[in-house]
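Chemist: Here you go, this is query_38.txt (compact mmCIF, C-alpha atoms).
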```
# COMPACT_ATOMS: atom_id res chain seq x y z
CA MET O 1 23.84 68.64 -25.16
CA SER O 2 24.40 67.56 -28.74
CA ILE O 3 27.25 65.52 -30.18
CA SER O 4 29.37 68.64 -30.79
CA GLY O 5 29.12 69.53 -27.09
CA ILE O 6 30.02 65.98 -26.07
CA LYS O 7 33.13 66.15 -28.29
CA GLN O 8 34.20 69.28 -26.42
CA VAL O 9 34.19 67.32 -23.16
CA LEU O 10 35.35 63.80 -24.13
CA PRO O 11 38.44 62.87 -26.16
CA HIS O 12 36.72 59.84 -27.76
CA ARG O 13 36.05 59.80 -31.53
CA TYR O 14 34.69 57.35 -34.11
CA PRO O 15 34.38 54.44 -33.70
CA MET O 16 34.71 54.69 -29.91
CA LEU O 17 32.56 57.72 -29.13
CA LEU O 18 29.58 55.87 -27.66
CA VAL O 19 27.39 58.71 -26.36
CA ASP O 20 25.09 60.44 -28.86
CA ARG O 21 23.26 63.00 -26.75
CA VAL O 22 22.97 64.29 -23.19
CA ASP O 23 19.36 64.92 -22.17
CA GLU O 24 19.95 66.14 -18.64
CA LEU O 25 23.04 67.31 -16.79
CA VAL O 26 22.94 68.54 -13.22
CA PRO O 27 26.61 69.34 -12.42
CA GLY O 28 27.87 67.55 -9.34
CA GLU O 29 24.74 65.38 -9.16
CA ARG O 30 23.47 63.42 -12.17
CA LEU O 31 23.35 62.99 -15.93
CA THR O 32 21.06 61.26 -18.42
CA ALA O 33 22.52 60.45 -21.84
CA ARG O 34 21.54 58.41 -24.91
CA LYS O 35 23.28 55.99 -27.24
CA ALA O 36 21.45 54.63 -30.28
CA VAL O 37 22.65 51.14 -31.17
CA THR O 38 22.67 50.45 -34.92
CA ALA O 39 23.58 47.46 -37.08
CA ASN O 40 26.03 49.70 -38.96
CA GLU O 41 28.54 49.83 -36.11
CA PRO O 42 31.98 48.34 -36.84
CA TRP O 43 31.64 45.50 -34.29
CA TYR O 44 28.89 43.97 -36.46
CA GLN O 45 30.87 44.02 -39.72
CA ASP O 46 31.99 40.39 -39.64
CA LEU O 47 28.58 38.88 -38.89
CA PRO O 48 27.20 36.63 -41.61
CA ALA O 49 24.22 37.83 -43.67
CA ASP O 50 21.97 35.32 -41.88
CA ALA O 51 23.13 36.29 -38.35
CA THR O 52 20.56 35.73 -35.61
CA ASP O 53 19.38 38.29 -33.09
CA GLU O 54 21.55 36.55 -30.51
CA GLN O 55 24.61 37.16 -32.69
CA HIS O 56 23.65 40.86 -32.83
CA HIS O 57 23.84 41.34 -29.05
CA TYR O 58 25.63 44.60 -28.38
CA PRO O 59 28.98 43.65 -26.80
CA SER O 60 28.87 43.87 -22.99
CA ALA O 61 32.23 45.66 -22.86
CA LEU O 62 30.88 48.37 -25.18
CA LEU O 63 27.70 48.73 -23.12
CA ILE O 64 29.86 49.41 -20.06
CA GLU O 65 32.17 51.70 -22.07
CA SER O 66 29.19 53.72 -23.29
CA TRP O 67 27.84 54.09 -19.74
CA CYS O 68 31.29 55.08 -18.46
CA GLN O 69 31.63 57.70 -21.21
CA ALA O 70 28.34 59.19 -20.02
CA ALA O 71 29.81 59.25 -16.51
CA GLY O 72 32.91 60.87 -17.98
CA VAL O 73 30.82 63.76 -19.31
CA LEU O 74 29.54 64.37 -15.78
CA ALA O 75 33.04 63.99 -14.30
CA ALA O 76 34.71 66.33 -16.79
CA TRP O 77 31.92 68.88 -17.01
CA LYS O 78 33.74 71.44 -14.85
CA ASN O 79 37.03 71.06 -16.74
CA PRO O 80 36.47 69.63 -20.22
CA ASN O 81 39.60 68.29 -21.88
CA PRO O 82 39.25 66.59 -25.27
CA ASP O 83 43.07 66.66 -25.64
CA VAL O 84 44.49 63.81 -23.57
CA LEU O 85 48.04 65.12 -24.00
CA ALA O 86 47.41 68.32 -22.02
CA GLY O 87 45.60 69.42 -18.87
CA GLN O 88 43.78 66.89 -16.74
CA VAL O 89 43.27 63.35 -18.04
CA MET O 90 40.34 61.22 -16.92
CA LEU O 91 41.41 57.71 -15.93
CA PHE O 92 39.12 54.75 -15.33
CA GLY O 93 39.89 53.17 -11.96
CA SER O 94 37.48 50.35 -11.24
CA ILE O 95 33.96 49.04 -11.64
CA SER O 96 31.95 46.81 -9.32
CA GLU O 97 28.51 45.34 -8.83
CA VAL O 98 27.68 45.21 -12.56
CA VAL O 99 24.52 43.33 -13.54
CA PHE O 100 23.43 42.71 -17.14
CA ARG O 101 19.64 42.30 -17.19
CA ARG O 102 19.00 41.60 -20.87
CA PRO O 103 20.77 41.85 -24.23
CA VAL O 104 20.84 45.10 -26.18
CA LEU O 105 20.16 44.84 -29.92
CA PRO O 106 20.43 47.13 -32.94
CA GLY O 107 17.45 49.49 -32.90
CA ASP O 108 17.58 49.90 -29.12
CA VAL O 109 18.21 53.35 -27.69
CA LEU O 110 20.14 53.18 -24.45
CA GLU O 111 19.32 55.69 -21.76
CA HIS O 112 22.26 55.97 -19.42
CA ARG O 113 21.46 57.30 -15.96
CA VAL O 114 24.53 58.32 -14.00
CA ARG O 115 24.56 59.58 -10.42
CA LEU O 116 27.52 61.04 -8.58
CA PHE O 117 27.90 58.94 -5.45
CA ARG O 118 30.94 60.67 -3.98
CA GLU O 119 33.66 63.12 -4.95
CA LEU O 120 37.06 63.12 -3.24
CA SER O 121 39.38 65.85 -4.57
CA ASP O 122 40.45 64.45 -7.97
CA THR O 123 38.53 61.15 -7.73
CA VAL O 124 34.83 60.59 -8.41
CA ILE O 125 32.60 57.60 -7.75
CA PHE O 126 29.45 57.01 -9.81
CA GLU O 127 26.51 54.62 -9.76
CA GLY O 128 23.55 54.14 -12.07
CA GLU O 129 21.90 52.09 -14.77
CA ALA O 130 21.12 51.88 -18.47
CA LEU O 131 17.59 51.41 -19.75
CA VAL O 132 15.92 50.58 -23.04
CA ASP O 133 12.27 51.66 -23.34
CA GLY O 134 12.09 52.04 -19.55
CA GLU O 135 13.46 48.53 -18.89
CA THR O 136 16.76 48.24 -17.01
CA VAL O 137 19.37 46.43 -19.12
CA LEU O 138 22.46 47.27 -17.05
CA GLU O 139 23.03 48.10 -13.39
CA VAL O 140 26.30 49.69 -12.25
CA GLY O 141 27.00 49.59 -8.52
CA ARG O 142 30.15 51.72 -8.53
CA VAL O 143 32.61 53.19 -11.03
CA VAL O 144 35.72 55.03 -9.86
CA MET O 145 37.38 57.63 -12.10
CA ALA O 146 40.35 59.83 -11.31
CA MET O 147 41.67 63.00 -12.90
CA ARG O 148 45.44 63.25 -13.27
CA PRO O 149 47.73 65.83 -14.90
CA ALA O 150 48.68 64.72 -18.42
CA SER O 151 52.20 65.98 -17.80
CA GLU O 152 52.66 63.23 -15.20
CA LEU O 153 51.48 60.55 -17.62
CA VAL O 154 53.00 61.49 -20.98
CA GLY O 155 56.46 60.07 -21.52
CA ALA O 156 56.62 58.44 -18.10
CA ALA O 157 57.68 55.13 -19.65
CA GLY O 158 60.90 56.59 -21.04
CA ASP O 159 61.86 58.72 -18.04
CA ALA O 160 64.47 57.61 -15.55
CA GLY O 161 62.70 56.20 -12.55
CA GLY O 162 59.50 55.72 -14.57
CA SER O 163 58.02 52.48 -15.76
CA PRO O 164 60.03 50.55 -18.34
CA ALA O 165 58.95 50.83 -21.97
CA PRO O 166 56.21 48.36 -23.04
CA ARG O 167 58.72 46.20 -24.96
CA GLU O 168 60.96 45.93 -21.90
CA ARG O 169 58.01 44.85 -19.73
CA ALA O 170 57.01 42.23 -22.29
CA ASP O 171 60.58 40.88 -22.40
CA ARG O 172 60.71 40.67 -18.60
CA VAL O 173 57.38 38.81 -18.46
CA THR O 174 58.51 36.41 -21.18
CA ALA O 175 61.85 35.84 -19.48
CA SER O 176 60.25 35.16 -16.11
CA THR O 177 57.82 32.58 -17.52
CA GLU O 178 60.38 30.56 -19.48
```
Take the structure in the file and give it back as C-alpha cells.

Modeler:
Amino acid sequence: MSISGIKQVLPHRYPMLLVDRVDELVPGERLTARKAVTANEPWYQDLPADATDEQHHYPSALLIESWCQAAGVLAAWKNPNPDVLAGQVMLFGSISEVVFRRPVLPGDVLEHRVRLFRELSDTVIFEGEALVDGETVLEVGRVVMAMRPASELVGAAGDAGGSPAPRERADRVTASTE
C-alpha cells in the first residue's frame, strides 16, 4: 500500500503522518509498514549546525506514534475513515510493556511489525516491534485502540450533561489548587 492508500485509511497528515508504506497487510492478523526517518523532519529544525548524532535521536514519542499509526492501518482496514468528524473514530487507549532497544537516527528505515493480539467488538489489542536493518529498536507489549462513533465525540463538551468546556476545566483545576 502506497502513501495515497494510507491517507485513505488514516486521518493523519503532514507533519504527523508517520507511515510511508505498507509492505504486508493480512486483515485481522498482521501488518508490516515502513517509515523512513530523515533529517528534514520538523522536529530537527532547531538543532544547531554542529549537532551530534545523539542530538539527532528520533524522539521516542514519535517512534511510538509511528508504530501506533501502523497499528491504526490494521485496525481501520475494514472501515477506513480519514474524516475524524464522521463515522467511526479510532481512539488510542493505552500502551504497556514498551522497551526501547537503541536510538533511531536520520537515514534509518523503520520496519513496524504489528500483530493483532485480540479483538473485542469495537476494541482491538496489538503487539509487535519496530526494526532497523533487522535489529529490534522498539518492543511493544500491548496497545489498546477503540473505535467510537464520531457523533458521540463531536460537540460533547458543549452539550448539557457532557464534559465542561476546556476553559471551564482549566478554571476548576486552577481554583482547586489555589

Chemist: Please identify all polymer residues within 7 Å of Arg21 (chain O), counting all atoms listed in the file, omitting same-chain residues fewer than 3 positions from it, and present them as a ChimeraX atom specification.

Modeler: /O:1-3,33-34

Chemist: Find the residue from O:Pro103, O:Gly87, O:Pro48, O:Pro27 that sits nearest to Glu135 (chain O); use all atoms listed in the file when measuring.

Modeler: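 Using all atoms listed in the file, Glu135 (chain O) sits closest to O:Pro103.
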
Chemist: Tell me, counting only C-alpha atoms, for each residue of region 3-95 of chain O within 8 Å of region 106-118 of chain O, which pair of atoms is nearest and how far apart they are in Å to one decimal, in rows ordered by chain and increasing number, as CSV.

Modeler:
```
residue,atom,partner,partner_atom,distance
O:Gly28,CA,O:Leu116,CA,6.6
O:Glu29,CA,O:Leu116,CA,5.2
O:Arg30,CA,O:Arg115,CA,4.4
O:Leu31,CA,O:Val114,CA,5.2
O:Thr32,CA,O:Arg113,CA,4.7
O:Ala33,CA,O:His112,CA,5.1
O:Arg34,CA,O:Glu111,CA,4.7
O:Lys35,CA,O:Leu110,CA,5.1
O:Ala36,CA,O:Val109,CA,4.3
O:Val37,CA,O:Pro106,CA,4.9
O:Thr38,CA,O:Pro106,CA,4.5
O:Ala39,CA,O:Pro106,CA,5.2
O:His56,CA,O:Pro106,CA,7.0
O:His57,CA,O:Pro106,CA,7.8
O:Tyr58,CA,O:Pro106,CA,7.4
O:Trp67,CA,O:His112,CA,5.9
O:Ala70,CA,O:His112,CA,6.9
O:Ala71,CA,O:Val114,CA,5.9
```

Chemist: Need to verify the contact set: region 119-125 of chain O, 7 Å, all atoms listed in the file, exclusion of same-chain residues closer than 5 positions in sequence. Can you return it as a list in words?

Modeler: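 Within the cut-off, the hits are Arg142, Val143, Val144, Met145, Ala146 and Met147 of chain O.
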
Chemist: Go through O:Leu63, O:Leu91, O:Ala150, O:Gly134 one by one, measure the shortest atom-to-atom distance of each to Ala75 (chain O) using all atoms listed in the file, and give the residue with the smallest value.

Modeler: O:Leu91

Chemist: I'd like the interatomic distance between CA of Ser60 (chain O) and CA of Val104 (chain O), to a tenth of an Å.

Modeler: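 So the two atoms, CA of Ser60 (chain O) and CA of Val104 (chain O), lie 8.7 Å apart.
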
Chemist: Using CA of Leu47 (chain O) and CA of Ser66 (chain O) as the two end points, give the distance in Å to one decimal.

Modeler: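 The value is 21.5 Å.
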
Chemist: Can you work out which one of O:Val137, O:Ile6, O:Ala86, O:Val154 has the shortest atom-to-atom distance to Asp23 (chain O), counting only C-alpha atoms?

Modeler: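 Of the candidates, the smallest distance to Asp23 (chain O) is held by O:Ile6.
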
Chemist: Report the distance between CA of Gly5 (chain O) and CA of Leu18 (chain O) in Å, rounded to one decimal place.

Modeler: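 According to the coordinates, CA of Gly5 (chain O) and CA of Leu18 (chain O) are separated by 13.7 Å.
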
Chemist: Measuring atom to atom with all atoms listed in the file, identify which of O:Gln55, O:Phe126, O:Val19, O:Leu153 is nearest to Gly93 (chain O).

Modeler: O:Phe126

Chemist: I'd like to know which of O:Ala130, O:Met16, O:Val22, O:Cys68 is closest to Trp43 (chain O), using all atoms listed in the file.

Modeler: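 Using all atoms listed in the file, the shortest distance to Trp43 (chain O) belongs to O:Met16.
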
Chemist: For Asn40 (chain O), which residue out of O:Pro149, O:Leu105, O:Val26, O:Glu139 is the nearest one, using all atoms listed in the file?

Modeler: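 Ranked by minimum distance to Asn40 (chain O), first place goes to O:Leu105.
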